[in-house]
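Text of upload.txt, listed as compact mmCIF, C-alpha atoms:
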# COMPACT_ATOMS: atom_id res chain seq x y z
CA MET A 456 55.70 -252.26 -74.91
CA ASN A 457 52.43 -251.71 -73.07
CA LEU A 458 51.59 -248.05 -73.69
CA LEU A 459 49.06 -245.58 -72.28
CA PHE A 460 48.27 -242.30 -74.06
CA LEU A 461 46.49 -239.51 -72.18
CA ASN A 462 44.87 -236.95 -74.49
CA TRP A 463 41.97 -234.56 -74.07
CA ARG A 464 40.48 -235.57 -77.45
CA ASP A 465 40.48 -238.52 -79.81
CA ARG A 466 40.24 -238.05 -83.56
CA LEU A 467 36.47 -238.77 -83.65
CA ASN A 468 35.83 -235.84 -81.31
CA PRO A 469 34.09 -233.03 -83.25
CA ALA A 470 36.74 -230.61 -81.93
CA ALA A 471 39.71 -232.81 -82.94
CA GLY A 472 42.52 -231.33 -85.00
CA GLY A 473 45.83 -232.23 -86.57
CA ALA A 474 47.41 -233.20 -83.24
CA GLU A 475 44.86 -235.97 -82.77
CA VAL A 476 45.32 -237.20 -86.35
CA ILE A 477 49.10 -237.58 -86.06
CA THR A 478 48.93 -239.05 -82.53
CA GLU A 479 46.52 -241.79 -83.51
CA ALA A 480 48.34 -242.50 -86.77
CA ILE A 481 51.44 -243.19 -84.66
CA MET A 482 49.36 -245.35 -82.31
CA VAL A 483 48.08 -247.44 -85.22
CA GLU A 484 51.63 -247.95 -86.47
CA LEU A 485 52.79 -248.94 -82.97
CA VAL A 486 50.01 -251.52 -82.77
CA ARG A 487 51.03 -252.85 -86.19
CA ARG A 488 54.53 -253.38 -84.77
CA GLY A 489 53.19 -255.46 -81.90
CA HIS A 490 52.85 -252.89 -79.11
CA SER A 491 49.75 -252.69 -76.89
CA VAL A 492 48.09 -249.25 -76.79
CA VAL A 493 45.36 -247.71 -74.62
CA LEU A 494 44.06 -244.16 -75.15
CA PHE A 495 42.36 -242.42 -72.20
CA THR A 496 40.48 -239.36 -73.41
CA ALA A 497 37.42 -237.15 -72.89
CA SER A 498 33.95 -238.17 -73.92
CA PHE A 499 31.63 -236.22 -76.23
CA PRO A 500 27.94 -236.49 -77.18
CA GLY A 501 27.22 -239.82 -78.84
CA ALA A 502 30.60 -241.34 -77.98
CA GLN A 503 30.98 -244.83 -76.51
CA PRO A 504 32.62 -245.00 -73.07
CA GLU A 505 34.96 -247.72 -74.32
CA GLU A 506 35.71 -249.14 -77.75
CA GLN A 507 38.33 -250.88 -79.86
CA ARG A 508 39.57 -249.09 -82.96
CA ASP A 509 42.41 -250.01 -85.32
CA GLY A 510 43.82 -252.42 -82.74
CA TYR A 511 43.98 -250.07 -79.73
CA THR A 512 41.58 -249.47 -76.85
CA ILE A 513 39.85 -246.13 -76.24
CA ILE A 514 38.53 -245.26 -72.78
CA ARG A 515 36.46 -242.06 -72.59
CA CYS A 516 35.59 -240.29 -69.36
CA GLY A 517 34.76 -236.72 -68.43
CA SER A 518 34.81 -233.63 -70.63
CA ALA A 519 37.61 -231.52 -72.08
CA LEU A 520 37.72 -229.66 -68.76
CA THR A 521 37.51 -232.66 -66.42
CA VAL A 522 39.39 -235.39 -68.33
CA HIS A 523 42.66 -234.54 -66.54
CA TYR A 524 41.09 -235.18 -63.14
CA GLN A 525 39.29 -238.27 -64.42
CA ALA A 526 42.60 -239.65 -65.73
CA TRP A 527 44.11 -239.36 -62.25
CA ARG A 528 41.09 -241.12 -60.70
CA TRP A 529 41.22 -243.88 -63.32
CA TRP A 530 44.97 -244.31 -62.82
CA ARG A 531 44.53 -244.81 -59.09
CA ALA A 532 41.58 -247.19 -59.52
CA ASP A 533 42.66 -249.24 -62.52
CA GLY A 534 45.56 -247.79 -64.50
CA GLN A 535 48.39 -248.80 -62.19
CA ALA A 536 47.26 -252.42 -62.25
CA ARG A 537 47.68 -252.58 -66.03
CA ASN A 538 51.47 -252.39 -65.73
CA PHE A 539 52.13 -249.87 -68.49
CA ASP A 540 55.74 -249.54 -69.66
CA ARG A 541 55.32 -245.91 -70.72
CA VAL A 542 52.64 -243.25 -70.30
CA VAL A 543 52.38 -240.45 -72.89
CA ASP A 544 51.00 -237.28 -71.30
CA GLN A 545 49.82 -235.22 -74.28
CA ILE A 546 49.71 -231.53 -73.42
CA HIS A 547 47.21 -229.21 -75.08
CA GLY A 548 47.49 -226.13 -72.93
CA ILE A 549 46.51 -227.92 -69.71
CA PRO A 550 48.66 -230.99 -68.94
CA PHE A 551 47.63 -234.15 -67.13
CA PHE A 552 50.08 -233.41 -64.27
CA THR A 553 51.53 -236.92 -64.39
CA PRO A 554 54.72 -235.79 -62.56
CA LEU A 555 52.56 -235.53 -59.43
CA TYR A 556 51.63 -239.21 -59.43
CA MET A 557 53.93 -241.13 -61.80
CA PRO A 558 57.69 -241.83 -61.71
CA ALA A 559 59.86 -239.98 -64.26
CA SER A 560 61.01 -243.25 -65.83
CA LEU A 561 57.41 -244.13 -66.76
CA ARG A 562 56.13 -240.90 -68.25
CA ARG A 563 56.79 -238.89 -71.41
CA ALA A 564 55.21 -235.57 -72.34
CA PHE A 565 54.06 -235.02 -75.94
CA ILE A 566 53.35 -231.44 -77.00
CA HIS A 567 52.71 -229.77 -80.34
CA GLU A 568 52.89 -226.12 -79.31
CA VAL A 569 53.35 -223.97 -76.22
CA PRO A 570 50.24 -221.73 -75.99
CA ARG A 571 51.44 -218.72 -73.94
CA SER A 572 50.03 -215.73 -75.91
CA LEU A 573 47.35 -217.97 -77.49
CA TRP A 574 45.54 -218.18 -74.15
CA PHE A 575 43.98 -214.79 -74.94
CA LEU A 576 42.45 -216.30 -78.10
CA ILE A 577 41.38 -219.72 -76.85
CA ALA A 578 40.02 -218.91 -73.37
CA CYS A 579 37.82 -216.24 -71.84
CA PHE A 580 38.74 -213.65 -69.21
CA PRO A 581 39.74 -214.18 -66.43
CA VAL A 582 40.64 -217.81 -67.24
CA ASN A 583 42.96 -216.70 -70.04
CA LEU A 584 44.87 -214.34 -67.75
CA LEU A 585 45.16 -217.03 -65.07
CA LEU A 586 46.49 -219.64 -67.51
CA TYR A 587 48.89 -217.15 -69.08
CA THR A 588 50.23 -216.34 -65.60
CA VAL A 589 50.58 -219.88 -64.31
CA GLU A 590 51.91 -221.49 -67.51
CA PRO A 591 55.57 -221.18 -66.39
CA LEU A 592 54.64 -223.07 -63.20
CA LEU A 593 53.04 -225.84 -65.25
CA PHE A 594 56.29 -226.41 -67.13
CA TRP A 595 58.29 -226.17 -63.90
CA CYS A 596 56.26 -229.19 -62.76
CA TYR A 597 57.57 -231.05 -65.85
CA ARG A 598 61.22 -229.99 -65.53
CA ARG A 599 62.31 -233.64 -64.92
CA THR A 600 60.16 -235.11 -67.69
CA ARG A 601 61.41 -236.14 -71.13
CA PHE A 602 59.51 -234.41 -73.95
CA LEU A 603 58.46 -235.36 -77.45
CA THR A 604 57.51 -232.51 -79.78
CA VAL A 605 57.03 -231.90 -83.50
CA SER A 606 59.20 -228.93 -84.46
CA ALA A 607 62.34 -226.98 -83.67
CA SER A 608 60.15 -223.96 -82.90
CA THR A 609 58.32 -225.77 -80.10
CA LYS A 610 61.60 -227.24 -78.84
CA GLU A 611 63.00 -223.73 -78.41
CA ASP A 612 59.81 -222.67 -76.60
CA LEU A 613 60.28 -225.60 -74.21
CA VAL A 614 63.94 -224.76 -73.59
CA ALA A 615 62.91 -221.17 -72.83
CA ARG A 616 60.55 -222.56 -70.19
CA GLY A 617 63.23 -224.56 -68.41
CA ILE A 618 63.09 -227.96 -70.10
CA ALA A 619 66.56 -229.37 -70.74
CA ARG A 620 67.44 -229.34 -74.44
CA LYS A 621 68.83 -232.89 -74.27
CA ALA A 622 65.51 -234.11 -72.83
CA ILE A 623 63.54 -233.09 -75.95
CA THR A 624 63.05 -235.35 -79.00
CA ILE A 625 61.63 -233.90 -82.22
CA VAL A 626 59.17 -236.31 -83.87
CA PRO A 627 58.58 -235.43 -87.56
CA GLU A 628 54.91 -234.78 -88.39
CA ALA A 629 53.81 -237.59 -90.70
CA VAL A 630 51.72 -236.70 -93.74
CA ASP A 631 48.17 -238.06 -93.61
CA VAL A 632 48.02 -237.79 -97.41
CA THR A 633 49.77 -240.02 -99.96
CA PRO A 634 52.02 -237.81 -102.12
CA LEU A 635 51.01 -237.71 -105.77
CA PRO A 636 52.98 -240.14 -107.97
CA SER A 637 53.81 -237.22 -110.30
CA LEU A 638 53.06 -233.51 -110.52
CA PRO A 639 50.21 -232.64 -112.90
CA ALA A 640 50.10 -229.21 -114.52
CA LYS A 641 48.23 -226.48 -112.69
CA LYS A 642 45.54 -224.40 -114.36
CA PRO A 643 46.79 -220.86 -115.15
CA GLU A 644 44.63 -219.16 -112.53
CA TRP A 645 45.15 -217.57 -109.12
CA ARG A 646 43.27 -219.94 -106.85
CA LEU A 647 44.09 -219.78 -103.14
CA ILE A 648 42.90 -222.06 -100.36
CA PHE A 649 42.80 -222.11 -96.57
CA VAL A 650 42.11 -225.42 -94.79
CA GLY A 651 41.61 -225.64 -91.04
CA ARG A 652 39.42 -224.85 -88.07
CA HIS A 653 37.62 -221.53 -88.28
CA HIS A 654 38.94 -220.05 -85.05
CA PRO A 655 40.34 -216.61 -84.12
CA MET A 656 43.85 -218.06 -83.70
CA LYS A 657 43.84 -218.88 -87.45
CA ARG A 658 43.26 -215.20 -88.32
CA ILE A 659 41.02 -215.87 -91.31
CA PRO A 660 39.97 -212.17 -91.34
CA HIS A 661 43.58 -211.39 -92.35
CA LEU A 662 43.18 -213.71 -95.32
CA LEU A 663 39.98 -211.96 -96.38
CA LYS A 664 41.71 -208.56 -96.17
CA MET A 665 44.59 -210.04 -98.20
CA MET A 666 42.12 -210.74 -101.00
CA GLN A 667 41.51 -207.00 -101.42
CA TYR A 668 45.03 -206.71 -102.85
CA LEU A 669 44.59 -209.69 -105.21
CA PRO A 670 41.76 -208.80 -107.62
CA GLU A 671 42.53 -211.75 -109.92
CA ALA A 672 42.39 -214.40 -107.18
CA HIS A 673 39.64 -216.73 -105.98
CA PHE A 674 39.73 -217.97 -102.38
CA ASP A 675 38.39 -221.30 -101.10
CA VAL A 676 37.87 -221.51 -97.32
CA VAL A 677 37.57 -225.09 -96.06
CA GLY A 678 36.90 -226.33 -92.53
CA ARG A 679 34.46 -226.21 -89.68
CA GLY A 680 33.81 -223.56 -87.06
CA GLY A 681 31.17 -222.16 -84.73
CA ASP A 682 28.05 -220.91 -86.48
CA VAL A 683 28.37 -217.38 -85.08
CA TYR A 684 32.04 -217.03 -86.04
CA VAL A 685 31.49 -218.42 -89.55
CA SER A 686 28.58 -215.98 -90.03
CA GLN A 687 30.88 -213.14 -89.02
CA LEU A 688 33.48 -214.25 -91.58
CA LYS A 689 30.89 -214.41 -94.34
CA ALA A 690 29.61 -210.97 -93.37
CA GLN A 691 33.16 -209.62 -93.53
CA ALA A 692 33.66 -211.09 -97.01
CA GLU A 693 30.41 -209.46 -98.11
CA ALA A 694 31.39 -206.10 -96.62
CA LEU A 695 34.75 -206.23 -98.42
CA GLY A 696 33.04 -206.88 -101.74
CA LEU A 697 34.46 -210.42 -101.98
CA ALA A 698 31.24 -212.44 -102.12
CA GLN A 699 31.89 -213.54 -105.71
CA ARG A 700 35.55 -214.40 -105.11
CA VAL A 701 35.40 -216.24 -101.77
CA THR A 702 33.74 -219.65 -101.34
CA PHE A 703 33.06 -220.99 -97.84
CA HIS A 704 32.87 -224.77 -98.24
CA GLY A 705 32.48 -225.66 -94.56
CA ALA A 706 33.51 -229.14 -93.44
CA VAL A 707 33.91 -231.45 -96.44
CA PRO A 708 34.87 -235.15 -96.86
CA LEU A 709 38.60 -235.84 -96.98
CA SER A 710 38.44 -236.67 -100.69
CA LYS A 711 36.81 -233.31 -101.47
CA ARG A 712 39.31 -231.48 -99.28
CA ASN A 713 42.21 -233.08 -101.10
CA GLN A 714 40.63 -232.33 -104.48
CA LEU A 715 40.33 -228.64 -103.58
CA MET A 716 43.90 -228.50 -102.24
CA GLN A 717 45.28 -230.14 -105.36
CA ALA A 718 43.39 -227.70 -107.60
CA ALA A 719 44.66 -224.64 -105.70
CA SER A 720 47.67 -222.61 -106.80
CA LEU A 721 48.70 -221.91 -103.22
CA LEU A 722 47.73 -222.79 -99.67
CA VAL A 723 47.61 -219.62 -97.56
CA SER A 724 47.52 -219.17 -93.79
CA ALA A 725 47.87 -216.33 -91.29
CA SER A 726 47.83 -218.32 -88.01
CA HIS A 727 49.22 -216.77 -84.83
CA LYS A 728 51.43 -219.86 -84.46
CA GLU A 729 51.41 -223.60 -85.11
CA GLY A 730 53.12 -226.62 -83.67
CA TRP A 731 54.27 -227.61 -87.14
CA GLY A 732 51.63 -226.77 -89.73
CA LEU A 733 50.65 -230.23 -90.94
CA ILE A 734 48.28 -228.85 -93.57
CA VAL A 735 51.28 -227.28 -95.31
CA THR A 736 52.97 -230.66 -95.75
CA GLU A 737 49.68 -232.25 -96.84
CA ALA A 738 49.17 -229.55 -99.48
CA ASN A 739 52.77 -230.04 -100.62
CA ALA A 740 52.08 -233.76 -101.06
CA LEU A 741 49.25 -232.80 -103.43
CA GLY A 742 51.48 -230.50 -105.44
CA THR A 743 50.44 -227.22 -103.83
CA PRO A 744 53.08 -225.02 -102.15
CA ALA A 745 52.24 -222.62 -99.31
CA VAL A 746 52.43 -218.92 -98.51
CA THR A 747 52.09 -218.18 -94.79
CA TYR A 748 52.90 -215.73 -92.06
CA ASN A 749 56.41 -216.02 -90.65
CA VAL A 750 55.46 -217.57 -87.29
CA ALA A 751 56.51 -220.51 -85.12
CA GLY A 752 55.60 -223.80 -86.74
CA TYR A 753 55.32 -222.45 -90.27
CA ARG A 754 59.02 -221.58 -90.10
CA ASP A 755 59.51 -225.35 -89.81
CA SER A 756 57.01 -226.72 -92.34
CA VAL A 757 57.62 -223.97 -94.94
CA LYS A 758 61.26 -223.95 -96.01
CA ASP A 759 61.34 -220.31 -97.11
CA GLY A 760 63.16 -219.86 -100.39
CA ARG A 761 63.00 -223.57 -101.21
CA THR A 762 59.57 -225.17 -100.69
CA GLY A 763 57.35 -222.13 -100.13
CA TRP A 764 57.14 -218.49 -99.15
CA LEU A 765 57.00 -216.80 -95.73
CA ALA A 766 55.62 -213.28 -95.66
CA LYS A 767 58.26 -210.61 -95.06
CA VAL A 768 55.73 -208.74 -92.90
CA ASN A 769 52.89 -210.47 -91.05
CA THR A 770 50.09 -208.28 -92.39
CA PRO A 771 47.39 -208.90 -95.03
CA LEU A 772 49.38 -206.72 -97.44
CA GLY A 773 52.59 -208.59 -96.61
CA LEU A 774 50.87 -211.90 -97.32
CA ALA A 775 49.42 -210.55 -100.58
CA GLU A 776 52.87 -209.43 -101.67
CA ALA A 777 54.22 -212.94 -100.98
CA VAL A 778 51.39 -214.41 -103.09
CA MET A 779 52.18 -212.01 -105.93
CA GLN A 780 55.85 -212.98 -105.70
CA ALA A 781 54.96 -216.68 -105.76
CA LEU A 782 52.59 -216.52 -108.72
CA GLY A 783 54.39 -213.75 -110.58
CA ASP A 784 57.41 -215.89 -111.48
CA SER A 785 56.34 -219.15 -113.14
CA ASN A 786 59.85 -220.64 -113.13
CA GLU A 787 60.41 -219.99 -109.42
CA TYR A 788 56.90 -221.25 -108.64
CA ALA A 789 57.57 -224.48 -110.52
CA ALA A 790 60.90 -225.00 -108.74
CA ARG A 791 59.48 -224.50 -105.25
CA ARG A 792 56.42 -226.58 -106.07
CA GLN A 793 58.68 -229.45 -107.12
CA ALA A 794 60.82 -229.07 -103.98
CA ALA A 795 57.72 -228.96 -101.74
CA TRP A 796 56.35 -232.15 -103.29
CA GLN A 797 59.68 -233.94 -102.87
CA ASP A 798 60.01 -232.71 -99.28
CA SER A 799 56.57 -234.07 -98.35
CA LYS A 800 57.76 -237.60 -99.15
CA LEU A 801 60.13 -237.48 -96.16
CA TYR A 802 57.31 -237.34 -93.61
CA THR A 803 56.11 -240.92 -93.39
CA ILE A 804 54.28 -242.48 -90.47
CA GLN A 805 56.93 -245.21 -90.34
CA HIS A 806 59.68 -242.64 -89.76
CA SER A 807 57.59 -240.73 -87.21
CA ALA A 808 56.92 -243.97 -85.31
CA ASP A 809 60.65 -244.83 -85.36
CA VAL A 810 61.57 -241.52 -83.74
CA PHE A 811 58.62 -241.66 -81.34
CA LEU A 812 59.68 -245.10 -80.11
CA ALA A 813 63.25 -243.91 -79.65
CA GLY A 814 61.93 -241.05 -77.53
CA LEU A 815 59.90 -243.48 -75.41
CA ARG A 816 62.89 -245.72 -74.82
Would you mind writing the file's structure down as structure tokens?
Amino acid sequence: MNLLFLNWRDRLNPAAGGAEVITEAIMVELVRRGHSVVLFTASFPGAQPEEQRDGYTIIRCGSALTVHYQAWRWWRADGQARNFDRVVDQIHGIPFFTPLYMPASLRRAFIHEVPRSLWFLIACFPVNLLLYTVEPLLFWCYRRTRFLTVSASTKEDLVARGIARKAITIVPEAVDVTPLPSLPAKKPEWRLIFVGRHHPMKRIPHLLKMMQYLPEAHFDVVGRGGDVYVSQLKAQAEALGLAQRVTFHGAVPLSKRNQLMQAASLLVSASHKEGWGLIVTEANALGTPAVTYNVAGYRDSVKDGRTGWLAKVNTPLGLAEAVMQALGDSNEYAARRQAAWQDSKLYTIQHSADVFLAGLR
């Protein structure tokens, strides 16, 4: 098939996240299988307007705010002439509105999570209030579009917004980490880790408050974020008396990230919600189970009672209690760690691509 992907970021964009990683991993696999792929996305400082990467073509135009309009202009000027068999409209809050200018048979929508309440964390007033108000209308526009998503949680969110259940295909989130060939022993220490963007929606301050209840634990914080926000987090750790027990690593190479995750006793997260929680599965692949808040996305990637632990109450104390439960019973910890590692082996890019192609067809 001749495929076009519309996305507001590509994985080289400094603001890219897990959604871009999994999308482009699927694209690479589709190219390997003989399909032709073009990605239309926003530009960023230092980016080339057009390039070839891993067998697919990237066209960059506009910014994160204007790329949706630029995609429409490009489609009218050049896109239609390329005779695409399917167009994947990837929705990150603001869609590309392809139902307004493409036939239903051509388009598919790909979404990781439905923002709704997150608008108040990812946009400023009054834009956040506007987007929160009009979001139901955005999905009404897509009521005759077939959807691809990554979790049962997001599927239920889509059904609640009027998308037909039978029109939604769940594509498993492939692991971007090769599972360990065997499980090495863990050091007998309480070492916790968070990996991800430093953004208010991740609720890292909750994780710092959690550390107050865990005097034996050390906490590694890995990922990038705005300078002001990271400074605020470091100041909070200092004010809580955690300076000696919390290490802010910032953005690190993938090999270093994986080394830190493998060394940790537990991955911890207090996000408001996730599409799936890819970092959970990646940590599982490296032999590290997760303790998280009981929220959409993590309810899918953390199989509570089998591969990890969901907090009974979504508070710093509730998360700390889940950590104490996890590390307080060595036999149960070992059993769930083993189950998490085995579960991670199910999420291969080949399987994700199989399901994705079925959804396109």
Which is closest to Glu590 of chain A among A:Ile549, A:Leu772, A:Leu555, A:Met666, if we use only C-alpha atoms?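 Of all the options, A:Ile549 lies closest to Glu590 of chain A.
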Between A:Ala692, A:Ile566, A:Leu635, A:Phe580, which one has atoms that come closest to Ile623 of chain A, using only C-alpha atoms?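 Ranking A:Ala692, A:Ile566, A:Leu635, A:Phe580 by distance to Ile623 of chain A, first place goes to A:Ile566.
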In Å, with one decimal, what is the gap from atom CA of His547 of chain A to atom CA of Ala740 of chain A?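 It comes out at 26.8 Å.
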If I take atom CA of Gly763 of chain A and atom CA of Gln805 of chain A, how far is one from the other in Å, to one decimal? 25.1 Å
Top pick for closest residue to Tyr753 of chain A, considering A:Val605, A:Ala564, A:Leu695, A:Leu741 and counting all atoms listed in the file: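 The closest residue to Tyr753 of chain A is A:Val605.
Of the listed residues (A:Arg646, A:Arg599, A:Arg515, A:Arg679), A:Arg679 comes nearest to Gly472 of chain A; the distances count all atoms listed in the file.
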For Thr512 of chain A, which residue out of A:Arg601, A:His653, A:Lys621, A:His490 is the nearest one, using all atoms listed in the file?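 Result for the nearest residue to Thr512 of chain A: A:His490.
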Leaving out Leu801 of chain A and any residue of its chain fewer than 4 positions from it, which residues lie within 12 Å of it when counting all atoms listed in the file, given as a ChimeraX atom specification? /A:627-630,633-634,736-737,739-740,756,794-797,805-807
Could you jot down the atom CA of Glu729 of chain A to atom CA of Leu593 of chain A separation for me, Å, one decimal place?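 Taking atom CA of Glu729 of chain A and atom CA of Leu593 of chain A, their separation equals 20.1 Å.
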Can you tell me, as an MDAnalysis selection string, what residues are no more than 9 Å from Met557 of chain A when counting all atoms listed in the file, ignoring any on the same chain fewer than 5 positions away? chainID A and resid 542 552 562
Output the selection as a compact mmCIF listing (two decimals), in the frame of the given file - C-alpha atoms for each residue.
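Result file follows (part_9.txt):
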# COMPACT_ATOMS: atom_id res chain seq x y z
CA VAL A 542 52.64 -243.25 -70.30
CA PHE A 552 50.08 -233.41 -64.27
CA ARG A 562 56.13 -240.90 -68.25
Considering all atoms listed in the file, return as a compact mmCIF listing (two decimals) with C-alpha atoms, in the coordinates of the input whatever protein or nucleic-acid residues lie within 12 Å of Phe811 of chain A, sequence-local ones (same chain, fewer than 2 positions apart) excluded.
# COMPACT_ATOMS: atom_id res chain seq x y z
CA ILE A 477 49.10 -237.58 -86.06
CA THR A 478 48.93 -239.05 -82.53
CA ALA A 480 48.34 -242.50 -86.77
CA ILE A 481 51.44 -243.19 -84.66
CA MET A 482 49.36 -245.35 -82.31
CA GLU A 484 51.63 -247.95 -86.47
CA LEU A 485 52.79 -248.94 -82.97
CA ARG A 541 55.32 -245.91 -70.72
CA VAL A 543 52.38 -240.45 -72.89
CA ARG A 563 56.79 -238.89 -71.41
CA ALA A 564 55.21 -235.57 -72.34
CA PHE A 565 54.06 -235.02 -75.94
CA ARG A 601 61.41 -236.14 -71.13
CA PHE A 602 59.51 -234.41 -73.95
CA LEU A 603 58.46 -235.36 -77.45
CA THR A 604 57.51 -232.51 -79.78
CA VAL A 605 57.03 -231.90 -83.50
CA ILE A 623 63.54 -233.09 -75.95
CA THR A 624 63.05 -235.35 -79.00
CA ILE A 625 61.63 -233.90 -82.22
CA VAL A 626 59.17 -236.31 -83.87
CA PRO A 627 58.58 -235.43 -87.56
CA GLU A 628 54.91 -234.78 -88.39
CA ALA A 629 53.81 -237.59 -90.70
CA ILE A 804 54.28 -242.48 -90.47
CA GLN A 805 56.93 -245.21 -90.34
CA HIS A 806 59.68 -242.64 -89.76
CA SER A 807 57.59 -240.73 -87.21
CA ALA A 808 56.92 -243.97 -85.31
CA ASP A 809 60.65 -244.83 -85.36
CA ALA A 813 63.25 -243.91 -79.65
CA GLY A 814 61.93 -241.05 -77.53
CA LEU A 815 59.90 -243.48 -75.41
CA ARG A 816 62.89 -245.72 -74.82
Selected residue, from A:Pro655, A:Pro581, A:Gly760, A:Pro504, that lies nearest to Gln687 of chain A when counting all atoms listed in the file: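 Of the candidates, the smallest distance to Gln687 of chain A is held by A:Pro655.
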Give me the residues near Gln525 of chain A as a list in words, where near means some atom within 10 Å (using only C-alpha atoms) and where sequence neighbours in that chain fewer than 3 positions away do not count.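 Non-adjacent residues within range: Phe495, Thr496, Ala497, Arg515, Cys516, Gly517, Ser518, Leu520, Thr521, Val522, Arg528, Trp529, Trp530, Arg531 and Phe551 of chain A.
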Any chance you could model N, CA and C atoms for segment 742-762 of chain A and send them as a PDB file, keeping the file's coordinate frame?
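Contents of the output file out34.pdb:
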ATOM      1  N   GLY A 742      50.932-231.367-104.408  1.00  0.00           N
ATOM      2  CA  GLY A 742      51.480-230.500-105.440  1.00  0.00           C
ATOM      3  C   GLY A 742      51.164-229.034-105.282  1.00  0.00           C
ATOM      4  N   THR A 743      50.794-228.615-104.076  1.00  0.00           N
ATOM      5  CA  THR A 743      50.440-227.220-103.830  1.00  0.00           C
ATOM      6  C   THR A 743      51.358-226.624-102.769  1.00  0.00           C
ATOM      7  N   PRO A 744      52.214-225.667-103.141  1.00  0.00           N
ATOM      8  CA  PRO A 744      53.080-225.020-102.150  1.00  0.00           C
ATOM      9  C   PRO A 744      52.291-224.026-101.299  1.00  0.00           C
ATOM     10  N   ALA A 745      52.941-223.478-100.273  1.00  0.00           N
ATOM     11  CA  ALA A 745      52.240-222.620 -99.310  1.00  0.00           C
ATOM     12  C   ALA A 745      52.882-221.248 -99.197  1.00  0.00           C
ATOM     13  N   VAL A 746      52.018-220.274 -98.893  1.00  0.00           N
ATOM     14  CA  VAL A 746      52.430-218.920 -98.510  1.00  0.00           C
ATOM     15  C   VAL A 746      51.805-218.650 -97.156  1.00  0.00           C
ATOM     16  N   THR A 747      52.610-218.364 -96.144  1.00  0.00           N
ATOM     17  CA  THR A 747      52.090-218.180 -94.790  1.00  0.00           C
ATOM     18  C   THR A 747      52.778-217.020 -94.088  1.00  0.00           C
ATOM     19  N   TYR A 748      52.220-216.660 -92.952  1.00  0.00           N
ATOM     20  CA  TYR A 748      52.900-215.730 -92.060  1.00  0.00           C
ATOM     21  C   TYR A 748      54.181-216.378 -91.535  1.00  0.00           C
ATOM     22  N   ASN A 749      55.131-215.550 -91.200  1.00  0.00           N
ATOM     23  CA  ASN A 749      56.410-216.020 -90.650  1.00  0.00           C
ATOM     24  C   ASN A 749      56.255-216.161 -89.136  1.00  0.00           C
ATOM     25  N   VAL A 750      55.724-217.319 -88.713  1.00  0.00           N
ATOM     26  CA  VAL A 750      55.460-217.570 -87.290  1.00  0.00           C
ATOM     27  C   VAL A 750      55.981-218.953 -86.917  1.00  0.00           C
ATOM     28  N   ALA A 751      56.071-219.199 -85.610  1.00  0.00           N
ATOM     29  CA  ALA A 751      56.510-220.510 -85.120  1.00  0.00           C
ATOM     30  C   ALA A 751      55.665-221.607 -85.741  1.00  0.00           C
ATOM     31  N   GLY A 752      56.283-222.695 -86.106  1.00  0.00           N
ATOM     32  CA  GLY A 752      55.600-223.800 -86.740  1.00  0.00           C
ATOM     33  C   GLY A 752      55.699-223.708 -88.249  1.00  0.00           C
ATOM     34  N   TYR A 753      55.202-222.627 -88.824  1.00  0.00           N
ATOM     35  CA  TYR A 753      55.320-222.450 -90.270  1.00  0.00           C
ATOM     36  C   TYR A 753      56.777-222.219 -90.682  1.00  0.00           C
ATOM     37  N   ARG A 754      57.600-221.706 -89.768  1.00  0.00           N
ATOM     38  CA  ARG A 754      59.020-221.580 -90.100  1.00  0.00           C
ATOM     39  C   ARG A 754      59.661-222.953 -90.262  1.00  0.00           C
ATOM     40  N   ASP A 755      59.006-223.981 -89.715  1.00  0.00           N
ATOM     41  CA  ASP A 755      59.510-225.350 -89.810  1.00  0.00           C
ATOM     42  C   ASP A 755      58.949-226.068 -91.036  1.00  0.00           C
ATOM     43  N   SER A 756      57.635-225.972 -91.247  1.00  0.00           N
ATOM     44  CA  SER A 756      57.010-226.720 -92.340  1.00  0.00           C
ATOM     45  C   SER A 756      57.187-226.032 -93.694  1.00  0.00           C
ATOM     46  N   VAL A 757      57.342-224.707 -93.705  1.00  0.00           N
ATOM     47  CA  VAL A 757      57.620-223.970 -94.940  1.00  0.00           C
ATOM     48  C   VAL A 757      59.111-223.641 -94.966  1.00  0.00           C
ATOM     49  N   LYS A 758      59.836-224.269 -95.873  1.00  0.00           N
ATOM     50  CA  LYS A 758      61.260-223.950 -96.010  1.00  0.00           C
ATOM     51  C   LYS A 758      61.362-222.739 -96.935  1.00  0.00           C
ATOM     52  N   ASP A 759      61.392-221.552 -96.341  1.00  0.00           N
ATOM     53  CA  ASP A 759      61.340-220.310 -97.110  1.00  0.00           C
ATOM     54  C   ASP A 759      62.489-220.243 -98.104  1.00  0.00           C
ATOM     55  N   GLY A 760      62.153-219.932 -99.340  1.00  0.00           N
ATOM     56  CA  GLY A 760      63.160-219.860-100.390  1.00  0.00           C
ATOM     57  C   GLY A 760      63.387-221.166-101.098  1.00  0.00           C
ATOM     58  N   ARG A 761      62.797-222.272-100.566  1.00  0.00           N
ATOM     59  CA  ARG A 761      63.000-223.570-101.210  1.00  0.00           C
ATOM     60  C   ARG A 761      61.676-224.286-101.498  1.00  0.00           C
ATOM     61  N   THR A 762      60.822-224.446-100.475  1.00  0.00           N
ATOM     62  CA  THR A 762      59.570-225.170-100.690  1.00  0.00           C
ATOM     63  C   THR A 762      58.343-224.274-100.635  1.00  0.00           C
TER      64      THR A 762
END
